[in-house]
$ cat model-v1.tsv   # TSV, C-alpha atoms
chain	number	residue	atom	x	y	z
Y	1	MET	CA	-8.04	-90.88	-36.67
Y	2	SER	CA	-6.46	-94.05	-37.79
Y	3	ILE	CA	-7.23	-97.29	-35.99
Y	4	TRP	CA	-3.53	-97.69	-35.25
Y	5	LEU	CA	-3.42	-94.36	-33.44
Y	6	TRP	CA	-6.36	-95.47	-31.29
Y	7	VAL	CA	-4.63	-98.78	-30.53
Y	8	ALA	CA	-1.39	-97.01	-29.61
Y	9	LEU	CA	-3.18	-94.48	-27.40
Y	10	LEU	CA	-5.22	-97.17	-25.67
Y	11	SER	CA	-2.18	-99.36	-25.03
Y	12	TYR	CA	-0.19	-96.41	-23.69
Y	13	LEU	CA	-2.98	-95.38	-21.33
Y	14	LEU	CA	-3.49	-98.97	-20.18
Y	15	GLY	CA	0.23	-99.30	-19.50
Y	16	ALA	CA	0.25	-96.01	-17.57
Y	17	ILE	CA	-2.69	-97.16	-15.44
Y	18	ILE	CA	-1.05	-100.50	-14.67
Y	19	GLN	CA	2.23	-98.79	-13.81
Y	20	TRP	CA	0.39	-96.28	-11.57
Y	21	LEU	CA	-1.33	-99.08	-9.67
Y	22	GLN	CA	1.92	-100.93	-9.13
Y	23	LEU	CA	3.80	-97.86	-7.93
Y	24	SER	CA	1.05	-96.46	-5.74
Y	25	ASN	CA	0.78	-99.69	-3.74
Y	26	LYS	CA	4.16	-98.85	-2.20
Y	27	PHE	CA	2.74	-95.83	-0.42
Y	28	ARG	CA	-0.35	-97.28	1.26
Y	29	GLU	CA	1.10	-96.85	4.76
Y	30	PHE	CA	1.02	-93.05	4.37
Y	31	GLU	CA	-2.78	-93.07	4.23
Y	32	GLU	CA	-3.26	-94.02	7.89
Y	33	TYR	CA	-1.12	-91.06	9.04
Y	34	SER	CA	-2.51	-88.52	6.58
Y	35	HIS	CA	-3.83	-86.20	9.30
Y	36	PHE	CA	-0.27	-84.95	9.92
Y	37	PRO	CA	0.67	-82.12	7.50
Y	38	PHE	CA	4.21	-83.29	6.76
Y	39	VAL	CA	3.01	-86.81	6.03
Y	40	TRP	CA	0.33	-85.38	3.75
Y	41	VAL	CA	2.99	-83.42	1.83
Y	42	ALA	CA	5.25	-86.49	1.61
Y	43	ASP	CA	2.31	-88.52	0.33
Y	44	LEU	CA	1.49	-85.86	-2.26
Y	45	ILE	CA	5.10	-85.73	-3.48
Y	46	SER	CA	5.39	-89.50	-3.65
Y	47	LYS	CA	2.14	-89.86	-5.58
Y	48	SER	CA	3.10	-87.13	-8.03
Y	49	THR	CA	6.44	-88.89	-8.55
Y	50	CYS	CA	4.55	-92.14	-9.16
Y	51	LEU	CA	2.34	-90.38	-11.68
Y	52	LEU	CA	5.34	-89.06	-13.59
Y	53	GLN	CA	6.95	-92.49	-13.58
Y	54	ALA	CA	3.71	-94.04	-14.78
Y	55	LEU	CA	3.47	-91.59	-17.68
Y	56	PHE	CA	7.03	-92.35	-18.77
Y	57	TRP	CA	6.73	-96.14	-18.56
Y	58	PRO	CA	7.90	-96.78	-22.17
Y	59	TYR	CA	11.14	-94.91	-21.45
Y	60	ASN	CA	11.69	-97.03	-18.33
Y	61	LEU	CA	11.28	-100.20	-20.38
Y	62	ILE	CA	13.90	-99.05	-22.89
Y	63	VAL	CA	16.38	-98.01	-20.19
Y	64	ASP	CA	15.93	-101.29	-18.29
Y	65	ARG	CA	16.63	-103.33	-21.42
Y	66	GLU	CA	19.81	-101.45	-22.26
Y	67	GLY	CA	21.19	-101.67	-18.71
$ encode --input "model-v1.tsv" --output "structure tokens"
Amino acid sequence: MSIWLWVALLSYLLGAIIQWLQLSNKFREFEEYSHFPFVWVADLISKSTCLLQALFWPYNLIVDREG
């Protein structure tokens, strides 16, 4: 693989990790009530939403600039 593909992949993954950390900090209060089933499901849904948002972080940057 080309060095530029490695740089692009590394920067994308680093950006996704940073975005995941920023978004997942919002849902820390769910962890202390995780023994309730509905809170566990809400936590799972919110973290999966955060994961999807973290994977699409370049799209969010483009949309924020245009708006």
$ atom_distance --input "model-v1.tsv" --atom1 "CA of Asp64 in chain Y" --atom2 "CA of Gly15 in chain Y"
15.9 Å
$ closest_residue --input "model-v1.tsv" --among "Y:Ser2, Y:Gln19, Y:Val7, Y:Val63" --to "Leu51 in chain Y" --atoms "all atoms listed in the file"
Y:Gln19
$ closest_residue --input "model-v1.tsv" --among "Y:His35, Y:Trp40, Y:Pro58, Y:Lys47" --to "Leu13 in chain Y" --atoms "only C-alpha atoms"
Y:Pro58
$ atom_distance --input "model-v1.tsv" --atom1 "CA of Leu9 in chain Y" --atom2 "CA of Asp43 in chain Y"
28.9 Å
$ residues_around --input "model-v1.tsv" --residues "Thr49 in chain Y" --least-positions-apart "6" --cutoff "12 Å" --atoms "only C-alpha atoms" --output "list in words"
Gln19, Trp20, Leu23, Ser24, Phe27, Ala42, Asp43, Leu55 and Phe56 of chain Y
$ atom_distance --input "model-v1.tsv" --atom1 "CA of Ala54 in chain Y" --atom2 "CA of Val39 in chain Y"
22.0 Å
